[in-house]
file data-v2.txt (compact mmCIF, C-alpha atoms)
# COMPACT_ATOMS: atom_id res chain seq x y z
CA MET I 1 95.62 77.59 -68.28
CA ASP I 2 93.89 76.79 -65.23
CA GLU I 3 92.63 73.27 -65.02
CA ILE I 4 88.89 72.76 -65.09
CA PRO I 5 87.87 71.63 -61.63
CA VAL I 6 86.54 68.11 -61.41
CA ALA I 7 83.16 67.78 -59.79
CA GLN I 8 83.52 66.33 -56.34
CA ARG I 9 80.85 63.59 -55.67
CA LYS I 10 80.20 62.52 -52.17
CA VAL I 11 80.79 58.89 -51.94
CA ASN I 12 78.53 57.00 -49.46
CA THR I 13 80.85 55.25 -47.21
CA THR I 14 78.04 53.55 -45.05
CA PRO I 15 78.47 49.86 -45.31
CA GLN I 16 75.54 48.02 -46.98
CA ASN I 17 73.28 45.87 -44.78
CA LYS I 18 73.97 42.23 -45.06
CA PRO I 19 71.01 39.89 -45.68
CA PHE I 20 69.35 38.46 -42.41
CA PRO I 21 70.46 34.91 -41.97
CA PHE I 22 67.60 32.50 -42.83
CA SER I 23 68.48 30.09 -40.04
CA ILE I 24 67.85 32.74 -37.38
CA PHE I 25 64.44 33.60 -38.89
CA LEU I 26 63.50 29.95 -38.87
CA ALA I 27 64.52 29.58 -35.23
CA LEU I 28 62.46 32.60 -34.17
CA GLY I 29 59.41 31.31 -36.01
CA SER I 30 59.69 27.93 -34.38
CA ALA I 31 59.96 29.54 -30.95
CA ILE I 32 56.83 31.64 -31.56
CA ILE I 33 54.86 28.63 -32.74
CA THR I 34 55.99 26.57 -29.74
CA MET I 35 54.96 29.29 -27.29
CA SER I 36 51.58 29.66 -29.00
CA LEU I 37 50.92 25.94 -28.79
CA PHE I 38 51.93 25.87 -25.13
CA TRP I 39 49.56 28.76 -24.35
CA LEU I 40 46.68 27.10 -26.18
CA PHE I 41 47.35 23.81 -24.38
CA SER I 42 47.36 25.48 -20.97
CA GLN I 43 44.07 27.26 -21.75
CA THR I 44 42.46 24.00 -22.85
CA GLN I 45 43.54 22.22 -19.67
CA SER I 46 42.19 25.05 -17.51
CA SER I 47 38.85 24.98 -19.32
CA GLN I 48 38.50 21.21 -18.92
CA SER I 49 39.33 21.47 -15.22
CA GLN I 50 36.57 24.03 -14.70
CA GLN I 51 34.06 21.85 -16.55
CA GLN I 52 34.91 18.90 -14.34
CA ASP I 53 34.47 20.97 -11.19
CA THR I 54 31.12 22.34 -12.37
CA PRO I 55 28.53 19.66 -13.28
CA SER I 56 26.94 20.28 -16.62
CA VAL I 57 23.19 20.65 -16.85
CA THR I 58 21.68 18.84 -19.78
CA ALA I 59 18.46 19.72 -21.48
CA SER I 60 16.81 16.62 -20.10
CA GLU I 61 17.82 17.57 -16.56
CA THR I 62 16.43 21.05 -17.03
CA VAL I 63 13.13 19.66 -18.25
CA SER I 64 12.97 17.09 -15.47
CA ASP I 65 13.45 19.83 -12.87
CA ASN I 66 10.38 21.60 -14.18
CA ILE I 67 8.14 18.59 -14.75
CA PRO I 68 7.14 16.57 -11.66
CA THR I 69 7.86 12.86 -11.92
CA THR I 70 5.27 10.18 -11.23
CA GLU I 71 7.66 8.62 -8.71
CA ASN I 72 7.61 11.64 -6.41
CA ASN I 73 4.10 12.73 -7.31
CA PRO I 74 1.95 9.70 -8.07
CA PRO I 75 -1.11 10.51 -10.12
CA SER I 76 -4.18 10.95 -8.00
CA SER I 77 -7.28 9.02 -8.81
CA ASP I 78 -10.83 9.49 -7.67
CA THR I 79 -11.63 5.85 -8.35
CA VAL I 80 -11.14 3.25 -5.62
CA GLU I 81 -11.08 -0.44 -6.43
CA ILE I 82 -14.12 -2.14 -4.94
CA PRO I 83 -13.74 -5.82 -3.97
CA GLU I 84 -16.19 -8.24 -5.55
CA ASN I 85 -19.22 -8.50 -3.30
CA ILE I 86 -22.93 -9.16 -3.28
CA LEU I 87 -24.99 -6.55 -1.49
CA GLY I 88 -22.01 -5.65 0.70
CA HIS I 89 -21.05 -9.23 1.54
CA LEU I 90 -17.65 -10.63 0.54
CA GLY I 91 -17.20 -14.17 -0.74
CA TYR I 92 -15.78 -16.91 1.52
CA GLU I 93 -14.84 -20.56 1.00
CA GLN I 94 -16.38 -23.27 3.14
CA ALA I 95 -14.03 -24.75 5.73
CA PRO I 96 -13.22 -28.47 5.47
CA MET I 97 -15.22 -30.51 7.97
CA SER I 98 -12.02 -32.25 9.06
CA GLU I 99 -10.67 -28.95 10.45
CA LEU I 100 -13.62 -28.25 12.74
CA LYS I 101 -13.89 -28.75 16.50
CA PRO I 102 -17.05 -28.57 18.69
CA ILE I 103 -17.44 -25.67 21.12
CA THR I 104 -20.70 -26.87 22.72
CA ALA I 105 -21.38 -29.94 24.85
CA ASP I 106 -23.74 -31.45 22.26
CA GLY I 107 -21.15 -30.95 19.50
CA ARG I 108 -23.65 -29.11 17.34
CA ILE I 109 -21.74 -25.81 17.05
CA LYS I 110 -18.21 -25.97 15.67
CA LEU I 111 -15.30 -23.70 14.74
CA ARG I 112 -11.92 -24.30 13.17
CA THR I 113 -9.62 -25.96 15.68
CA LYS I 114 -7.53 -22.90 16.58
CA ALA I 115 -10.58 -20.64 16.83
CA ALA I 116 -12.44 -23.26 18.89
CA GLU I 117 -9.59 -23.58 21.38
CA LYS I 118 -9.39 -19.81 21.85
CA PHE I 119 -13.16 -19.47 22.21
CA LEU I 120 -13.28 -22.16 24.91
CA GLU I 121 -10.41 -20.46 26.73
CA MET I 122 -12.19 -17.10 26.52
CA GLN I 123 -15.47 -18.64 27.69
CA SER I 124 -13.74 -20.27 30.67
CA ASP I 125 -11.97 -17.07 31.72
CA ALA I 126 -15.21 -15.08 31.45
CA ARG I 127 -17.04 -17.64 33.60
CA ARG I 128 -14.52 -17.13 36.40
CA GLU I 129 -15.52 -13.47 36.38
CA GLY I 130 -19.23 -14.24 36.52
CA ILE I 131 -19.86 -13.78 32.79
CA THR I 132 -21.65 -16.50 30.81
CA LEU I 133 -20.71 -16.45 27.12
CA VAL I 134 -23.03 -18.66 25.07
CA ALA I 135 -22.22 -19.85 21.55
CA ILE I 136 -25.38 -19.38 19.44
CA SER I 137 -24.01 -20.18 15.98
CA GLY I 138 -20.64 -21.13 14.51
CA PHE I 139 -19.68 -22.87 11.28
CA ARG I 140 -22.38 -23.05 8.60
CA THR I 141 -22.38 -24.89 5.30
CA ILE I 142 -23.44 -23.19 2.09
CA ASP I 143 -26.67 -25.24 2.24
CA ASP I 144 -27.34 -23.93 5.76
CA GLN I 145 -26.93 -20.38 4.51
CA GLU I 146 -29.16 -21.07 1.52
CA TYR I 147 -32.02 -21.77 3.91
CA LEU I 148 -31.26 -18.86 6.24
CA PHE I 149 -31.10 -16.36 3.41
CA PHE I 150 -33.72 -17.38 0.85
CA ASN I 151 -36.25 -19.35 2.90
CA ILE I 152 -36.35 -16.86 5.76
CA LYS I 153 -36.56 -14.02 3.24
CA GLU I 154 -39.65 -15.62 1.73
CA GLN I 155 -41.22 -16.33 5.11
CA ARG I 156 -40.77 -12.71 6.17
CA LYS I 157 -41.64 -11.34 2.72
CA GLN I 158 -38.41 -9.33 2.67
CA GLU I 159 -36.77 -7.64 -0.28
CA THR I 160 -33.43 -9.22 -1.20
CA SER I 161 -31.51 -6.05 -0.36
CA LYS I 162 -33.29 -5.78 2.99
CA ARG I 163 -32.55 -9.40 3.85
CA ALA I 164 -28.88 -8.85 2.96
CA GLU I 165 -28.61 -6.22 5.68
CA VAL I 166 -28.95 -8.91 8.34
CA SER I 167 -27.97 -12.14 6.56
CA ALA I 168 -25.39 -13.05 3.93
CA PRO I 169 -26.25 -14.84 0.68
CA PRO I 170 -24.92 -18.41 0.44
CA GLY I 171 -21.20 -18.40 -0.35
CA TYR I 172 -20.80 -14.95 1.21
CA SER I 173 -21.09 -15.60 4.95
CA GLU I 174 -18.21 -15.38 7.41
CA HIS I 175 -19.71 -18.43 9.09
CA HIS I 176 -18.56 -20.58 6.13
CA THR I 177 -14.95 -20.01 7.21
CA GLY I 178 -15.24 -21.68 10.61
CA TYR I 179 -13.80 -18.54 12.21
CA ALA I 180 -17.04 -16.65 12.97
CA VAL I 181 -19.24 -17.16 16.02
CA ASP I 182 -22.44 -15.55 17.27
CA ILE I 183 -22.26 -15.01 21.04
CA GLY I 184 -25.04 -14.42 23.57
CA ASP I 185 -25.29 -13.68 27.28
CA GLY I 186 -26.45 -16.73 29.25
CA ASN I 187 -27.84 -14.37 31.90
CA ALA I 188 -29.84 -12.34 29.36
CA PRO I 189 -31.08 -14.71 26.63
CA ALA I 190 -33.74 -12.25 25.49
CA THR I 191 -30.97 -10.14 23.96
CA ASN I 192 -29.69 -12.94 21.72
CA LEU I 193 -29.15 -11.87 18.11
CA ASN I 194 -30.41 -8.31 18.56
CA THR I 195 -28.72 -5.00 19.19
CA ASN I 196 -29.80 -4.98 22.84
CA PHE I 197 -26.98 -7.44 23.40
CA GLU I 198 -24.64 -4.44 23.56
CA GLN I 199 -26.24 -3.51 26.88
CA THR I 200 -25.33 -6.81 28.54
CA ALA I 201 -22.43 -7.63 30.83
CA ALA I 202 -21.29 -10.24 28.31
CA PHE I 203 -20.86 -7.66 25.56
CA ARG I 204 -19.03 -5.24 27.82
CA TRP I 205 -16.68 -8.06 28.83
CA LEU I 206 -16.06 -8.94 25.17
CA GLU I 207 -15.32 -5.32 24.31
CA ALA I 208 -12.67 -5.25 27.01
CA ASN I 209 -11.20 -8.73 26.60
CA ALA I 210 -11.98 -10.38 23.24
CA ALA I 211 -8.84 -9.06 21.56
CA LYS I 212 -6.73 -10.98 24.08
CA TYR I 213 -8.10 -14.17 22.51
CA SER I 214 -7.83 -12.80 18.93
CA PHE I 215 -11.55 -12.20 18.42
CA GLU I 216 -12.87 -8.97 16.89
CA LEU I 217 -16.30 -7.55 16.10
CA SER I 218 -17.12 -8.18 12.43
CA PHE I 219 -19.86 -5.61 11.89
CA PRO I 220 -19.55 -2.57 14.16
CA GLU I 221 -21.81 0.43 13.73
CA ASP I 222 -21.41 2.27 10.41
CA ASN I 223 -19.16 -0.44 8.98
CA LEU I 224 -17.95 0.04 5.40
CA GLN I 225 -19.68 -3.10 4.17
CA GLY I 226 -23.03 -1.49 4.89
CA ILE I 227 -24.13 -4.46 7.02
CA SER I 228 -26.44 -3.82 9.97
CA TYR I 229 -24.75 -3.48 13.35
CA GLU I 230 -24.28 -6.94 14.90
CA PRO I 231 -22.79 -6.73 18.41
CA TRP I 232 -23.11 -10.53 18.76
CA HIS I 233 -21.07 -11.49 15.66
CA TRP I 234 -17.35 -12.02 16.32
CA ARG I 235 -14.57 -13.47 14.15
CA PHE I 236 -11.24 -15.07 14.99
CA VAL I 237 -8.10 -13.47 13.51
CA GLY I 238 -5.41 -15.23 15.52
CA ASP I 239 -3.38 -17.01 12.82
CA THR I 240 -2.09 -16.40 9.31
CA HIS I 241 -4.93 -18.19 7.53
CA SER I 242 -7.66 -16.30 9.38
CA LEU I 243 -5.94 -12.98 8.68
CA GLU I 244 -5.69 -13.84 4.99
CA THR I 245 -9.33 -14.94 4.98
CA PHE I 246 -10.60 -11.61 6.29
CA TYR I 247 -7.95 -9.41 4.66
CA LYS I 248 -10.34 -7.72 2.21
CA ALA I 249 -12.90 -6.99 4.91
CA ARG I 250 -10.30 -5.56 7.28
CA GLU I 251 -8.60 -3.39 4.64
CA LEU I 252 -11.67 -1.68 3.21
CA LYS I 253 -11.09 2.02 2.53
CA THR I 254 -14.47 2.95 1.14
CA ASN I 255 -18.09 1.85 1.35
CA LEU I 256 -18.89 -1.23 -0.68
CA GLN I 257 -21.22 -0.64 -3.58
CA PRO I 258 -23.84 -3.39 -3.91
CA GLN I 259 -23.16 -5.57 -6.96
CA MET I 260 -25.39 -8.18 -8.60
call {"tool": "encode", "arguments": {"input": "data-v2.txt", "output": "structure tokens"}}
result
Amino acid sequence: MDEIPVAQRKVNTTPQNKPFPFSIFLALGSAIITMSLFWLFSQTQSSQSQQQDTPSVTASETVSDNIPTTENNPPSSDTVEIPENILGHLGYEQAPMSELKPITADGRIKLRTKAAEKFLEMQSDARREGITLVAISGFRTIDDQEYLFFNIKEQRKQETSKRAEVSAPPGYSEHHTGYAVDIGDGNAPATNLNTNFEQTAAFRWLEANAAKYSFELSFPEDNLQGISYEPWHWRFVGDTHSLETFYKARELKTNLQPQM
């Protein structure tokens, strides 16, 4: 009897895969993490370097660029500070009598010592050129000015504001300082203390030479104090004290408004 054939089963001879070693997996993971960290670090450094090279603009800087600062653009103002004055005249202190020196032979007219010396020098130099400068008035006390302002105003029946155009109220005259002098032409006395003095040889000489001796015209035409033109009235500005004394008058930027 034939034998019953035995079923032939194909036996898989492929070797089974062995499990992946855990130590290798761990090493690969560590390497990947290390490379990732290195890449992130390099990107961070690059970003910081770019920020350092490029200045950052803050919100405050942006706003300040658009809004003008008061330092560069000071606020404009239509108001101008007006020095204290009475009817256009500035206040002056009376010079000490001990600081005065005569400029006339009779000793009646005086100026502060420095101003007196310069006036006498100017007068002498002018005489050598045929010009006779005459001192008409110099230092005045407040009492002197009281008479000249109020008494003369009453005698001439002048309004106070009208009188102030040609004479200062007491305490407000440049003559109190001992630096101011009224000058006339000895060859044309009829022009003393009036605007015709500007037509004399003495005035023309003063215009050309007075600055050499540190004298300047106090009230030129259209002066900002609003005082009438006085071609005979000159003041000394040849030392620190005299400059300080007349600083407000010399630095006026606008017409004085009469104050009472």
call {"tool": "atom_distance", "arguments": {"input": "data-v2.txt", "atom1": "atom CA of I:Lys110", "atom2": "atom CA of I:Asp144"}}
result
13.6 Å
call {"tool": "atom_distance", "arguments": {"input": "data-v2.txt", "atom1": "atom CA of I:His176", "atom2": "atom CA of I:Ala201"}}
result
28.2 Å
call {"tool": "closest_residue", "arguments": {"input": "data-v2.txt", "among": "I:Gly184, I:Gly107, I:Pro102, I:Gly226", "to": "I:Ser167", "atoms": "all atoms listed in the file"}}
result
I:Gly226
call {"tool": "residues_near_point", "arguments": {"input": "data-v2.txt", "point": "(-13.8, -12.8, 24.9)", "cutoff": "9 Å", "atoms": "all atoms listed in the file", "output": "count of residues only"}}
result
22
call {"tool": "closest_residue", "arguments": {"input": "data-v2.txt", "among": "I:Gln155, I:Ser242, I:Ser218, I:Thr141", "to": "I:Gly171", "atoms": "only C-alpha atoms"}}
result
I:Thr141
call {"tool": "atom_distance", "arguments": {"input": "data-v2.txt", "atom1": "atom CA of I:Leu243", "atom2": "atom CA of I:Glu165"}}
result
23.8 Å
call {"tool": "residues_around", "arguments": {"input": "data-v2.txt", "residues": "I:Tyr179", "least_positions_apart": "4", "cutoff": "10 Å", "atoms": "only C-alpha atoms", "output": "PyMOL selection string"}}
result
chain I and resi 95+100+110-116+138-139+174-175+215+234-238+242+245-246
call {"tool": "closest_residue", "arguments": {"input": "data-v2.txt", "among": "I:Leu217, I:Met97, I:Val134, I:Ile86", "to": "I:Pro189", "atoms": "all atoms listed in the file"}}
result
I:Val134
call {"tool": "closest_residue", "arguments": {"input": "data-v2.txt", "among": "I:Thr132, I:Arg140, I:Arg108, I:Val166", "to": "I:Ile152", "atoms": "only C-alpha atoms"}}
result
I:Val166
call {"tool": "closest_residue", "arguments": {"input": "data-v2.txt", "among": "I:Ala164, I:Ile142, I:Ala105, I:Ile136", "to": "I:Gly186", "atoms": "only C-alpha atoms"}}
result
I:Ile136
call {"tool": "axis_aligned_box", "arguments": {"input": "data-v2.txt", "around": "stretch 172-188 of chain I", "padding_each_side": "4 Å", "output": "JSON"}}
result
{"center_x": -21.8, "center_y": -17.0, "center_z": 16.6, "size_x": 24.0, "size_y": 17.3, "size_z": 38.7}
call {"tool": "decode", "arguments": {"input": "data-v2.txt", "residues": "stretch 124-149 of chain I", "atoms": "C-alpha atoms", "output": "PDB file, in the first residue's frame"}}
result
ATOM      1  CA  SER I 124      40.409 170.499  24.965  1.00  0.00           C
ATOM      2  CA  ASP I 125      40.851 168.505  21.757  1.00  0.00           C
ATOM      3  CA  ALA I 126      37.853 170.234  20.161  1.00  0.00           C
ATOM      4  CA  ARG I 127      39.248 173.654  21.077  1.00  0.00           C
ATOM      5  CA  ARG I 128      42.456 172.886  19.187  1.00  0.00           C
ATOM      6  CA  GLU I 129      40.291 172.374  16.109  1.00  0.00           C
ATOM      7  CA  GLY I 130      38.442 175.656  16.585  1.00  0.00           C
ATOM      8  CA  ILE I 131      35.360 174.115  18.224  1.00  0.00           C
ATOM      9  CA  THR I 132      34.070 175.495  21.535  1.00  0.00           C
ATOM     10  CA  LEU I 133      32.153 172.882  23.535  1.00  0.00           C
ATOM     11  CA  VAL I 134      30.294 174.467  26.446  1.00  0.00           C
ATOM     12  CA  ALA I 135      28.920 172.480  29.390  1.00  0.00           C
ATOM     13  CA  ILE I 136      25.382 173.754  30.067  1.00  0.00           C
ATOM     14  CA  SER I 137      24.235 171.222  32.668  1.00  0.00           C
ATOM     15  CA  GLY I 138      25.709 168.158  34.347  1.00  0.00           C
ATOM     16  CA  PHE I 139      24.866 166.382  37.595  1.00  0.00           C
ATOM     17  CA  ARG I 140      21.486 167.241  39.145  1.00  0.00           C
ATOM     18  CA  THR I 141      20.045 166.226  42.488  1.00  0.00           C
ATOM     19  CA  ILE I 142      16.530 164.862  42.789  1.00  0.00           C
ATOM     20  CA  ASP I 143      15.516 168.207  44.343  1.00  0.00           C
ATOM     21  CA  ASP I 144      16.914 170.043  41.311  1.00  0.00           C
ATOM     22  CA  GLN I 145      14.840 167.840  39.033  1.00  0.00           C
ATOM     23  CA  GLU I 146      11.764 168.353  41.186  1.00  0.00           C
ATOM     24  CA  TYR I 147      11.908 172.056  40.391  1.00  0.00           C
ATOM     25  CA  LEU I 148      12.714 171.594  36.697  1.00  0.00           C
ATOM     26  CA  PHE I 149       9.865 169.171  36.165  1.00  0.00           C
TER      27      PHE I 149
END
